[in-house]
>>> print(open('protein28.pdb').read())   # PDB, N, CA and C atoms and all ligand atoms
MODEL        1
ATOM      1  N   MET A  11      10.055 -28.164 -10.621  1.00  0.00           N
ATOM      2  CA  MET A  11      11.089 -29.056 -10.086  1.00  0.00           C
ATOM      3  C   MET A  11      10.424 -30.210  -9.360  1.00  0.00           C
ATOM      4  N   ALA A  12      10.484 -31.360  -9.968  1.00  0.00           N
ATOM      5  CA  ALA A  12       9.848 -32.515  -9.345  1.00  0.00           C
ATOM      6  C   ALA A  12      10.778 -33.104  -8.298  1.00  0.00           C
ATOM      7  N   ARG A  13      10.226 -33.315  -7.151  1.00  0.00           N
ATOM      8  CA  ARG A  13      11.040 -33.892  -6.088  1.00  0.00           C
ATOM      9  C   ARG A  13      10.214 -34.976  -5.433  1.00  0.00           C
ATOM     10  N   SER A  14      10.652 -36.194  -5.580  1.00  0.00           N
ATOM     11  CA  SER A  14       9.870 -37.256  -4.985  1.00  0.00           C
ATOM     12  C   SER A  14      10.511 -37.686  -3.676  1.00  0.00           C
ATOM     13  N   VAL A  15       9.698 -37.704  -2.659  1.00  0.00           N
ATOM     14  CA  VAL A  15      10.152 -38.126  -1.342  1.00  0.00           C
ATOM     15  C   VAL A  15       9.376 -39.370  -0.993  1.00  0.00           C
ATOM     16  N   SER A  16      10.089 -40.404  -0.657  1.00  0.00           N
ATOM     17  CA  SER A  16       9.350 -41.603  -0.299  1.00  0.00           C
ATOM     18  C   SER A  16       9.611 -41.993   1.145  1.00  0.00           C
ATOM     19  N   TYR A  17       8.558 -41.958   1.892  1.00  0.00           N
ATOM     20  CA  TYR A  17       8.593 -42.432   3.266  1.00  0.00           C
ATOM     21  C   TYR A  17       7.592 -43.562   3.366  1.00  0.00           C
ATOM     22  N   THR A  18       7.952 -44.568   4.099  1.00  0.00           N
ATOM     23  CA  THR A  18       7.100 -45.744   4.069  1.00  0.00           C
ATOM     24  C   THR A  18       6.268 -45.939   5.337  1.00  0.00           C
ATOM     25  N   THR A  19       6.742 -45.415   6.459  1.00  0.00           N
ATOM     26  CA  THR A  19       5.990 -45.649   7.692  1.00  0.00           C
ATOM     27  C   THR A  19       5.668 -44.342   8.405  1.00  0.00           C
ATOM     28  N   LEU A  20       4.675 -44.392   9.264  1.00  0.00           N
ATOM     29  CA  LEU A  20       4.291 -43.226  10.063  1.00  0.00           C
ATOM     30  C   LEU A  20       5.463 -42.748  10.907  1.00  0.00           C
ATOM     31  N   ASP A  21       6.174 -43.709  11.464  1.00  0.00           N
ATOM     32  CA  ASP A  21       7.331 -43.420  12.298  1.00  0.00           C
ATOM     33  C   ASP A  21       8.348 -42.533  11.566  1.00  0.00           C
ATOM     34  N   GLU A  22       8.580 -42.843  10.291  1.00  0.00           N
ATOM     35  CA  GLU A  22       9.558 -42.065   9.511  1.00  0.00           C
ATOM     36  C   GLU A  22       9.091 -40.625   9.308  1.00  0.00           C
ATOM     37  N   LEU A  23       7.802 -40.460   9.121  1.00  0.00           N
ATOM     38  CA  LEU A  23       7.274 -39.105   8.953  1.00  0.00           C
ATOM     39  C   LEU A  23       7.426 -38.304  10.240  1.00  0.00           C
ATOM     40  N   ILE A  24       7.154 -38.954  11.356  1.00  0.00           N
ATOM     41  CA  ILE A  24       7.228 -38.270  12.650  1.00  0.00           C
ATOM     42  C   ILE A  24       8.666 -37.854  12.934  1.00  0.00           C
ATOM     43  N   VAL A  25       9.590 -38.783  12.711  1.00  0.00           N
ATOM     44  CA  VAL A  25      11.008 -38.501  12.962  1.00  0.00           C
ATOM     45  C   VAL A  25      11.490 -37.346  12.065  1.00  0.00           C
ATOM     46  N   SER A  26      10.955 -37.281  10.859  1.00  0.00           N
ATOM     47  CA  SER A  26      11.368 -36.243   9.914  1.00  0.00           C
ATOM     48  C   SER A  26      10.589 -34.944  10.104  1.00  0.00           C
ATOM     49  N   HIS A  27       9.683 -34.942  11.086  1.00  0.00           N
ATOM     50  CA  HIS A  27       8.843 -33.762  11.366  1.00  0.00           C
ATOM     51  C   HIS A  27       8.015 -33.364  10.154  1.00  0.00           C
ATOM     52  N   PHE A  28       7.575 -34.366   9.413  1.00  0.00           N
ATOM     53  CA  PHE A  28       6.678 -34.108   8.304  1.00  0.00           C
ATOM     54  C   PHE A  28       5.244 -34.128   8.811  1.00  0.00           C
ATOM     55  N   SER A  29       4.368 -33.584   8.003  1.00  0.00           N
ATOM     56  CA  SER A  29       2.963 -33.657   8.365  1.00  0.00           C
ATOM     57  C   SER A  29       2.168 -34.238   7.203  1.00  0.00           C
ATOM     58  N   LEU A  30       0.978 -34.714   7.524  1.00  0.00           N
ATOM     59  CA  LEU A  30       0.095 -35.291   6.518  1.00  0.00           C
ATOM     60  C   LEU A  30      -1.205 -34.506   6.495  1.00  0.00           C
ATOM     61  N   THR A  31      -1.643 -34.167   5.309  1.00  0.00           N
ATOM     62  CA  THR A  31      -2.934 -33.516   5.168  1.00  0.00           C
ATOM     63  C   THR A  31      -3.878 -34.468   4.445  1.00  0.00           C
ATOM     64  N   ALA A  32      -5.078 -34.610   4.981  1.00  0.00           N
ATOM     65  CA  ALA A  32      -6.086 -35.448   4.340  1.00  0.00           C
ATOM     66  C   ALA A  32      -7.106 -34.550   3.647  1.00  0.00           C
ATOM     67  N   HIS A  33      -7.426 -34.911   2.416  1.00  0.00           N
ATOM     68  CA  HIS A  33      -8.413 -34.159   1.645  1.00  0.00           C
ATOM     69  C   HIS A  33      -9.590 -35.062   1.318  1.00  0.00           C
ATOM     70  N   CYS A  34     -10.778 -34.574   1.568  1.00  0.00           N
ATOM     71  CA  CYS A  34     -11.977 -35.313   1.220  1.00  0.00           C
ATOM     72  C   CYS A  34     -12.204 -35.188  -0.282  1.00  0.00           C
ATOM     73  N   CYS A  35     -12.460 -36.331  -0.939  1.00  0.00           N
ATOM     74  CA  CYS A  35     -12.647 -36.327  -2.390  1.00  0.00           C
ATOM     75  C   CYS A  35     -14.097 -36.084  -2.796  1.00  0.00           C
ATOM     76  N   ASN A  36     -14.969 -35.939  -1.808  1.00  0.00           N
ATOM     77  CA  ASN A  36     -16.362 -35.609  -2.099  1.00  0.00           C
ATOM     78  C   ASN A  36     -16.413 -34.169  -2.611  1.00  0.00           C
ATOM     79  N   SER A  37     -16.842 -34.001  -3.866  1.00  0.00           N
ATOM     80  CA  SER A  37     -16.777 -32.677  -4.482  1.00  0.00           C
ATOM     81  C   SER A  37     -17.669 -31.660  -3.770  1.00  0.00           C
ATOM     82  N   LYS A  38     -18.668 -32.147  -3.032  1.00  0.00           N
ATOM     83  CA  LYS A  38     -19.542 -31.219  -2.316  1.00  0.00           C
ATOM     84  C   LYS A  38     -18.990 -30.852  -0.948  1.00  0.00           C
ATOM     85  N   CYS A  39     -17.967 -31.583  -0.529  1.00  0.00           N
ATOM     86  CA  CYS A  39     -17.423 -31.375   0.809  1.00  0.00           C
ATOM     87  C   CYS A  39     -16.044 -30.716   0.732  1.00  0.00           C
ATOM     88  N   GLN A  40     -15.082 -31.440   0.160  1.00  0.00           N
ATOM     89  CA  GLN A  40     -13.717 -30.955  -0.020  1.00  0.00           C
ATOM     90  C   GLN A  40     -13.082 -30.466   1.268  1.00  0.00           C
ATOM     91  N   HIS A  41     -13.452 -31.115   2.340  1.00  0.00           N
ATOM     92  CA  HIS A  41     -12.861 -30.797   3.630  1.00  0.00           C
ATOM     93  C   HIS A  41     -11.399 -31.240   3.630  1.00  0.00           C
ATOM     94  N   SER A  42     -10.545 -30.454   4.239  1.00  0.00           N
ATOM     95  CA  SER A  42      -9.169 -30.919   4.404  1.00  0.00           C
ATOM     96  C   SER A  42      -8.716 -30.650   5.827  1.00  0.00           C
ATOM     97  N   ASN A  43      -7.844 -31.505   6.281  1.00  0.00           N
ATOM     98  CA  ASN A  43      -7.454 -31.443   7.682  1.00  0.00           C
ATOM     99  C   ASN A  43      -6.052 -32.012   7.845  1.00  0.00           C
ATOM    100  N   ASP A  44      -5.259 -31.373   8.672  1.00  0.00           N
ATOM    101  CA  ASP A  44      -3.948 -31.927   8.993  1.00  0.00           C
ATOM    102  C   ASP A  44      -4.129 -33.077   9.966  1.00  0.00           C
ATOM    103  N   LEU A  45      -3.515 -34.193   9.637  1.00  0.00           N
ATOM    104  CA  LEU A  45      -3.651 -35.369  10.494  1.00  0.00           C
ATOM    105  C   LEU A  45      -2.671 -35.295  11.656  1.00  0.00           C
ATOM    106  N   ASP A  46      -3.095 -35.827  12.764  1.00  0.00           N
ATOM    107  CA  ASP A  46      -2.231 -35.930  13.934  1.00  0.00           C
ATOM    108  C   ASP A  46      -1.448 -37.239  13.819  1.00  0.00           C
ATOM    109  N   LEU A  47      -0.175 -37.123  13.407  1.00  0.00           N
ATOM    110  CA  LEU A  47       0.618 -38.332  13.155  1.00  0.00           C
ATOM    111  C   LEU A  47       0.843 -39.146  14.417  1.00  0.00           C
ATOM    112  N   MET A  48       0.995 -38.456  15.546  1.00  0.00           N
ATOM    113  CA  MET A  48       1.202 -39.176  16.791  1.00  0.00           C
ATOM    114  C   MET A  48      -0.044 -39.997  17.132  1.00  0.00           C
ATOM    115  N   ASP A  49      -1.193 -39.409  16.867  1.00  0.00           N
ATOM    116  CA  ASP A  49      -2.453 -40.096  17.124  1.00  0.00           C
ATOM    117  C   ASP A  49      -2.612 -41.305  16.197  1.00  0.00           C
ATOM    118  N   LEU A  50      -2.273 -41.109  14.918  1.00  0.00           N
ATOM    119  CA  LEU A  50      -2.350 -42.209  13.949  1.00  0.00           C
ATOM    120  C   LEU A  50      -1.390 -43.333  14.327  1.00  0.00           C
ATOM    121  N   ALA A  51      -0.177 -42.949  14.726  1.00  0.00           N
ATOM    122  CA  ALA A  51       0.816 -43.952  15.102  1.00  0.00           C
ATOM    123  C   ALA A  51       0.361 -44.716  16.343  1.00  0.00           C
ATOM    124  N   TRP A  52      -0.353 -44.026  17.213  1.00  0.00           N
ATOM    125  CA  TRP A  52      -0.877 -44.664  18.411  1.00  0.00           C
ATOM    126  C   TRP A  52      -1.961 -45.669  18.054  1.00  0.00           C
ATOM    127  N   LYS A  53      -2.828 -45.269  17.122  1.00  0.00           N
ATOM    128  CA  LYS A  53      -3.960 -46.127  16.743  1.00  0.00           C
ATOM    129  C   LYS A  53      -3.538 -47.277  15.831  1.00  0.00           C
ATOM    130  N   LEU A  54      -2.672 -46.970  14.847  1.00  0.00           N
ATOM    131  CA  LEU A  54      -2.353 -47.956  13.809  1.00  0.00           C
ATOM    132  C   LEU A  54      -1.009 -48.634  14.031  1.00  0.00           C
ATOM    133  N   GLY A  55      -0.195 -48.050  14.907  1.00  0.00           N
ATOM    134  CA  GLY A  55       1.161 -48.563  15.104  1.00  0.00           C
ATOM    135  C   GLY A  55       2.144 -47.719  14.319  1.00  0.00           C
ATOM    136  N   PRO A  56       3.310 -47.442  14.900  1.00  0.00           N
ATOM    137  CA  PRO A  56       4.282 -46.542  14.258  1.00  0.00           C
ATOM    138  C   PRO A  56       4.839 -47.081  12.952  1.00  0.00           C
ATOM    139  N   TYR A  57       4.744 -48.397  12.755  1.00  0.00           N
ATOM    140  CA  TYR A  57       5.321 -48.961  11.530  1.00  0.00           C
ATOM    141  C   TYR A  57       4.247 -49.245  10.484  1.00  0.00           C
ATOM    142  N   HIS A  58       3.077 -48.650  10.690  1.00  0.00           N
ATOM    143  CA  HIS A  58       2.030 -48.746   9.676  1.00  0.00           C
ATOM    144  C   HIS A  58       2.455 -47.931   8.464  1.00  0.00           C
ATOM    145  N   SER A  59       2.068 -48.385   7.295  1.00  0.00           N
ATOM    146  CA  SER A  59       2.392 -47.664   6.069  1.00  0.00           C
ATOM    147  C   SER A  59       1.797 -46.261   6.088  1.00  0.00           C
ATOM    148  N   CYS A  60       2.573 -45.297   5.632  1.00  0.00           N
ATOM    149  CA  CYS A  60       2.035 -43.946   5.487  1.00  0.00           C
ATOM    150  C   CYS A  60       1.723 -43.666   4.025  1.00  0.00           C
ATOM    151  N   GLY A  61       1.821 -44.695   3.187  1.00  0.00           N
ATOM    152  CA  GLY A  61       1.492 -44.534   1.775  1.00  0.00           C
ATOM    153  C   GLY A  61      -0.010 -44.462   1.573  1.00  0.00           C
ATOM    154  N   ALA A  62      -0.394 -43.952   0.440  1.00  0.00           N
ATOM    155  CA  ALA A  62      -1.810 -43.792   0.153  1.00  0.00           C
ATOM    156  C   ALA A  62      -2.549 -45.133   0.218  1.00  0.00           C
ATOM    157  N   ASP A  63      -1.912 -46.183  -0.297  1.00  0.00           N
ATOM    158  CA  ASP A  63      -2.574 -47.485  -0.325  1.00  0.00           C
ATOM    159  C   ASP A  63      -2.837 -48.019   1.079  1.00  0.00           C
ATOM    160  N   GLY A  64      -1.898 -47.746   1.987  1.00  0.00           N
ATOM    161  CA  GLY A  64      -2.035 -48.279   3.333  1.00  0.00           C
ATOM    162  C   GLY A  64      -2.896 -47.423   4.231  1.00  0.00           C
ATOM    163  N   LEU A  65      -2.863 -46.128   4.004  1.00  0.00           N
ATOM    164  CA  LEU A  65      -3.486 -45.214   4.954  1.00  0.00           C
ATOM    165  C   LEU A  65      -4.879 -44.745   4.543  1.00  0.00           C
ATOM    166  N   GLU A  66      -5.063 -44.466   3.265  1.00  0.00           N
ATOM    167  CA  GLU A  66      -6.335 -43.893   2.832  1.00  0.00           C
ATOM    168  C   GLU A  66      -7.548 -44.756   3.189  1.00  0.00           C
ATOM    169  N   PRO A  67      -7.443 -46.089   3.080  1.00  0.00           N
ATOM    170  CA  PRO A  67      -8.611 -46.902   3.457  1.00  0.00           C
ATOM    171  C   PRO A  67      -8.968 -46.800   4.942  1.00  0.00           C
ATOM    172  N   LYS A  68      -8.017 -46.318   5.763  1.00  0.00           N
ATOM    173  CA  LYS A  68      -8.250 -46.223   7.204  1.00  0.00           C
ATOM    174  C   LYS A  68      -8.915 -44.908   7.590  1.00  0.00           C
ATOM    175  N   LEU A  69      -8.950 -43.991   6.645  1.00  0.00           N
ATOM    176  CA  LEU A  69      -9.395 -42.645   6.975  1.00  0.00           C
ATOM    177  C   LEU A  69     -10.844 -42.410   6.570  1.00  0.00           C
ATOM    178  N   ARG A  70     -11.431 -41.476   7.290  1.00  0.00           N
ATOM    179  CA  ARG A  70     -12.809 -41.101   7.005  1.00  0.00           C
ATOM    180  C   ARG A  70     -12.916 -39.593   7.206  1.00  0.00           C
ATOM    181  N   CYS A  71     -13.629 -38.941   6.330  1.00  0.00           N
ATOM    182  CA  CYS A  71     -13.793 -37.497   6.445  1.00  0.00           C
ATOM    183  C   CYS A  71     -14.565 -37.180   7.724  1.00  0.00           C
ATOM    184  N   THR A  72     -14.017 -36.251   8.520  1.00  0.00           N
ATOM    185  CA  THR A  72     -14.670 -35.918   9.789  1.00  0.00           C
ATOM    186  C   THR A  72     -15.866 -34.999   9.573  1.00  0.00           C
ATOM    187  N   LYS A  73     -15.999 -34.465   8.371  1.00  0.00           N
ATOM    188  CA  LYS A  73     -17.091 -33.537   8.111  1.00  0.00           C
ATOM    189  C   LYS A  73     -18.310 -34.249   7.499  1.00  0.00           C
ATOM    190  N   CYS A  74     -18.063 -35.002   6.394  1.00  0.00           N
ATOM    191  CA  CYS A  74     -19.196 -35.638   5.716  1.00  0.00           C
ATOM    192  C   CYS A  74     -19.233 -37.151   5.956  1.00  0.00           C
ATOM    193  N   GLY A  75     -18.171 -37.699   6.577  1.00  0.00           N
ATOM    194  CA  GLY A  75     -18.149 -39.131   6.846  1.00  0.00           C
ATOM    195  C   GLY A  75     -17.765 -39.966   5.646  1.00  0.00           C
ATOM    196  N   GLY A  76     -17.390 -39.311   4.540  1.00  0.00           N
ATOM    197  CA  GLY A  76     -17.029 -40.029   3.323  1.00  0.00           C
ATOM    198  C   GLY A  76     -15.729 -40.788   3.479  1.00  0.00           C
ATOM    199  N   ARG A  77     -15.618 -41.888   2.738  1.00  0.00           N
ATOM    200  CA  ARG A  77     -14.415 -42.706   2.839  1.00  0.00           C
ATOM    201  C   ARG A  77     -13.457 -42.440   1.691  1.00  0.00           C
ATOM    202  N   GLN A  78     -13.833 -41.536   0.802  1.00  0.00           N
ATOM    203  CA  GLN A  78     -12.941 -41.180  -0.305  1.00  0.00           C
ATOM    204  C   GLN A  78     -12.041 -40.051   0.157  1.00  0.00           C
ATOM    205  N   VAL A  79     -10.920 -40.434   0.724  1.00  0.00           N
ATOM    206  CA  VAL A  79      -9.998 -39.458   1.284  1.00  0.00           C
ATOM    207  C   VAL A  79      -8.634 -39.642   0.641  1.00  0.00           C
ATOM    208  N   SER A  80      -8.019 -38.557   0.245  1.00  0.00           N
ATOM    209  CA  SER A  80      -6.659 -38.661  -0.277  1.00  0.00           C
ATOM    210  C   SER A  80      -5.709 -37.927   0.663  1.00  0.00           C
ATOM    211  N   ILE A  81      -4.503 -38.416   0.750  1.00  0.00           N
ATOM    212  CA  ILE A  81      -3.549 -37.813   1.666  1.00  0.00           C
ATOM    213  C   ILE A  81      -2.380 -37.201   0.910  1.00  0.00           C
ATOM    214  N   LYS A  82      -1.784 -36.222   1.549  1.00  0.00           N
ATOM    215  CA  LYS A  82      -0.640 -35.540   0.952  1.00  0.00           C
ATOM    216  C   LYS A  82       0.394 -35.319   2.045  1.00  0.00           C
ATOM    217  N   VAL A  83       1.635 -35.655   1.720  1.00  0.00           N
ATOM    218  CA  VAL A  83       2.721 -35.457   2.681  1.00  0.00           C
ATOM    219  C   VAL A  83       3.257 -34.033   2.544  1.00  0.00           C
ATOM    220  N   ASN A  84       3.417 -33.377   3.659  1.00  0.00           N
ATOM    221  CA  ASN A  84       3.947 -32.014   3.653  1.00  0.00           C
ATOM    222  C   ASN A  84       5.327 -31.992   4.286  1.00  0.00           C
ATOM    223  N   PRO A  85       6.354 -31.827   3.481  1.00  0.00           N
ATOM    224  CA  PRO A  85       7.690 -31.712   4.059  1.00  0.00           C
ATOM    225  C   PRO A  85       7.771 -30.457   4.926  1.00  0.00           C
ATOM    226  N   GLN A  86       8.332 -30.618   6.098  1.00  0.00           N
ATOM    227  CA  GLN A  86       8.356 -29.531   7.064  1.00  0.00           C
ATOM    228  C   GLN A  86       9.157 -28.330   6.558  1.00  0.00           C
ATOM    229  N   PHE A  87      10.220 -28.615   5.779  1.00  0.00           N
ATOM    230  CA  PHE A  87      11.053 -27.497   5.341  1.00  0.00           C
ATOM    231  C   PHE A  87      10.275 -26.533   4.456  1.00  0.00           C
ATOM    232  N   LEU A  88       9.286 -27.066   3.725  1.00  0.00           N
ATOM    233  CA  LEU A  88       8.463 -26.189   2.904  1.00  0.00           C
ATOM    234  C   LEU A  88       7.602 -25.290   3.775  1.00  0.00           C
ATOM    235  N   GLU A  89       7.043 -25.877   4.807  1.00  0.00           N
ATOM    236  CA  GLU A  89       6.207 -25.087   5.715  1.00  0.00           C
ATOM    237  C   GLU A  89       7.029 -24.002   6.380  1.00  0.00           C
ATOM    238  N   ASN A  90       8.236 -24.355   6.793  1.00  0.00           N
ATOM    239  CA  ASN A  90       9.084 -23.381   7.451  1.00  0.00           C
ATOM    240  C   ASN A  90       9.384 -22.208   6.524  1.00  0.00           C
ATOM    241  N   ARG A  91       9.591 -22.532   5.249  1.00  0.00           N
ATOM    242  CA  ARG A  91       9.905 -21.470   4.306  1.00  0.00           C
ATOM    243  C   ARG A  91       8.695 -20.563   4.112  1.00  0.00           C
ATOM    244  N   GLN A  92       7.508 -21.181   4.098  1.00  0.00           N
ATOM    245  CA  GLN A  92       6.300 -20.387   3.935  1.00  0.00           C
ATOM    246  C   GLN A  92       6.068 -19.473   5.141  1.00  0.00           C
ATOM    247  N   ARG A  93       6.476 -19.955   6.297  1.00  0.00           N
ATOM    248  CA  ARG A  93       6.300 -19.160   7.511  1.00  0.00           C
ATOM    249  C   ARG A  93       7.394 -18.109   7.666  1.00  0.00           C
ATOM    250  N   GLY A  94       8.394 -18.165   6.790  1.00  0.00           N
ATOM    251  CA  GLY A  94       9.457 -17.181   6.853  1.00  0.00           C
ATOM    252  C   GLY A  94      10.441 -17.421   7.978  1.00  0.00           C
ATOM    253  N   ILE A  95      10.574 -18.679   8.390  1.00  0.00           N
ATOM    254  CA  ILE A  95      11.504 -18.985   9.480  1.00  0.00           C
ATOM    255  C   ILE A  95      12.942 -18.840   8.987  1.00  0.00           C
ATOM    256  N   TYR A  96      13.158 -19.174   7.711  1.00  0.00           N
ATOM    257  CA  TYR A  96      14.479 -18.886   7.167  1.00  0.00           C
ATOM    258  C   TYR A  96      14.340 -18.446   5.722  1.00  0.00           C
TER     259      TYR A  96
HETATM  260 ZN    ZN A 101     -15.987 -34.795   3.406  1.00  0.00          ZN
ENDMDL
END
>>> encode(input="protein28.pdb", output="structure tokens")
Amino acid sequence: MARSVSYTTLDELIVSHFSLTAHCCNSKCQHSNDLDLMDLAWKLGPYHSCGADGLEPKLRCTKCGGRQVSIKVNPQFLENRQRGIY
């Protein structure tokens, strides 16, 4: 079931209680980390794009320092279901 969700700014993700996960594209590293949206909004501004084109160039892998980072939006309702909240 394909479901496309489009959010354009960091602010919208925060309001929707979504989270962002960054994945390092370095095949030897493959570090992944949940991003702190409040921190990003503080640094980049709440109306900064949360799209891959706007955000990925700003990110750097905290493990290997690589700049090839891809992001993934995590809808909160999915996480809640995985945690068995409902
Ligand atoms: Zn890395």
>>> closest_residue(input="protein28.pdb", among="A:His27, A:Lys68, A:His58, A:Arg77", to="ligand ZN 101 (chain A)", atoms="all atoms listed in the file")
A:Arg77
>>> closest_atom_pairs(input="protein28.pdb", of="chain A", to="ligand ZN 101 (chain A)", cutoff="8 Å", atoms="all atoms listed in the file", output="JSON lines")
{"residue": "A:His33", "atom": "C", "partner": "A:ZN101", "partner_atom": "ZN", "distance": 6.7}
{"residue": "A:Cys34", "atom": "CA", "partner": "A:ZN101", "partner_atom": "ZN", "distance": 4.6}
{"residue": "A:Cys35", "atom": "N", "partner": "A:ZN101", "partner_atom": "ZN", "distance": 5.8}
{"residue": "A:Asn36", "atom": "N", "partner": "A:ZN101", "partner_atom": "ZN", "distance": 5.4}
{"residue": "A:Ser37", "atom": "N", "partner": "A:ZN101", "partner_atom": "ZN", "distance": 7.4}
{"residue": "A:Lys38", "atom": "C", "partner": "A:ZN101", "partner_atom": "ZN", "distance": 6.6}
{"residue": "A:Cys39", "atom": "CA", "partner": "A:ZN101", "partner_atom": "ZN", "distance": 4.5}
{"residue": "A:Gln40", "atom": "N", "partner": "A:ZN101", "partner_atom": "ZN", "distance": 4.8}
{"residue": "A:His41", "atom": "N", "partner": "A:ZN101", "partner_atom": "ZN", "distance": 4.6}
{"residue": "A:Ser42", "atom": "N", "partner": "A:ZN101", "partner_atom": "ZN", "distance": 7.0}
{"residue": "A:Arg70", "atom": "C", "partner": "A:ZN101", "partner_atom": "ZN", "distance": 6.8}
{"residue": "A:Cys71", "atom": "CA", "partner": "A:ZN101", "partner_atom": "ZN", "distance": 4.6}
{"residue": "A:Thr72", "atom": "N", "partner": "A:ZN101", "partner_atom": "ZN", "distance": 5.7}
{"residue": "A:Lys73", "atom": "C", "partner": "A:ZN101", "partner_atom": "ZN", "distance": 4.7}
{"residue": "A:Cys74", "atom": "N", "partner": "A:ZN101", "partner_atom": "ZN", "distance": 3.6}
{"residue": "A:Gly75", "atom": "N", "partner": "A:ZN101", "partner_atom": "ZN", "distance": 4.8}
{"residue": "A:Gly76", "atom": "N", "partner": "A:ZN101", "partner_atom": "ZN", "distance": 4.9}
{"residue": "A:Arg77", "atom": "N", "partner": "A:ZN101", "partner_atom": "ZN", "distance": 7.1}
{"residue": "A:Gln78", "atom": "C", "partner": "A:ZN101", "partner_atom": "ZN", "distance": 7.3}
{"residue": "A:Val79", "atom": "CA", "partner": "A:ZN101", "partner_atom": "ZN", "distance": 7.9}
>>> atom_distance(input="protein28.pdb", atom1="atom C of A:Ile24", atom2="atom CA of A:Pro67")
21.7 Å
>>> closest_residue(input="protein28.pdb", among="A:Thr31, A:Leu69, A:Pro56, A:Asp63", to="A:Asp44", atoms="only C-alpha atoms")
A:Thr31
>>> closest_residue(input="protein28.pdb", among="A:Leu54, A:Glu66, A:Gly61, A:Asn43", to="A:Leu30", atoms="all atoms listed in the file")
A:Asn43
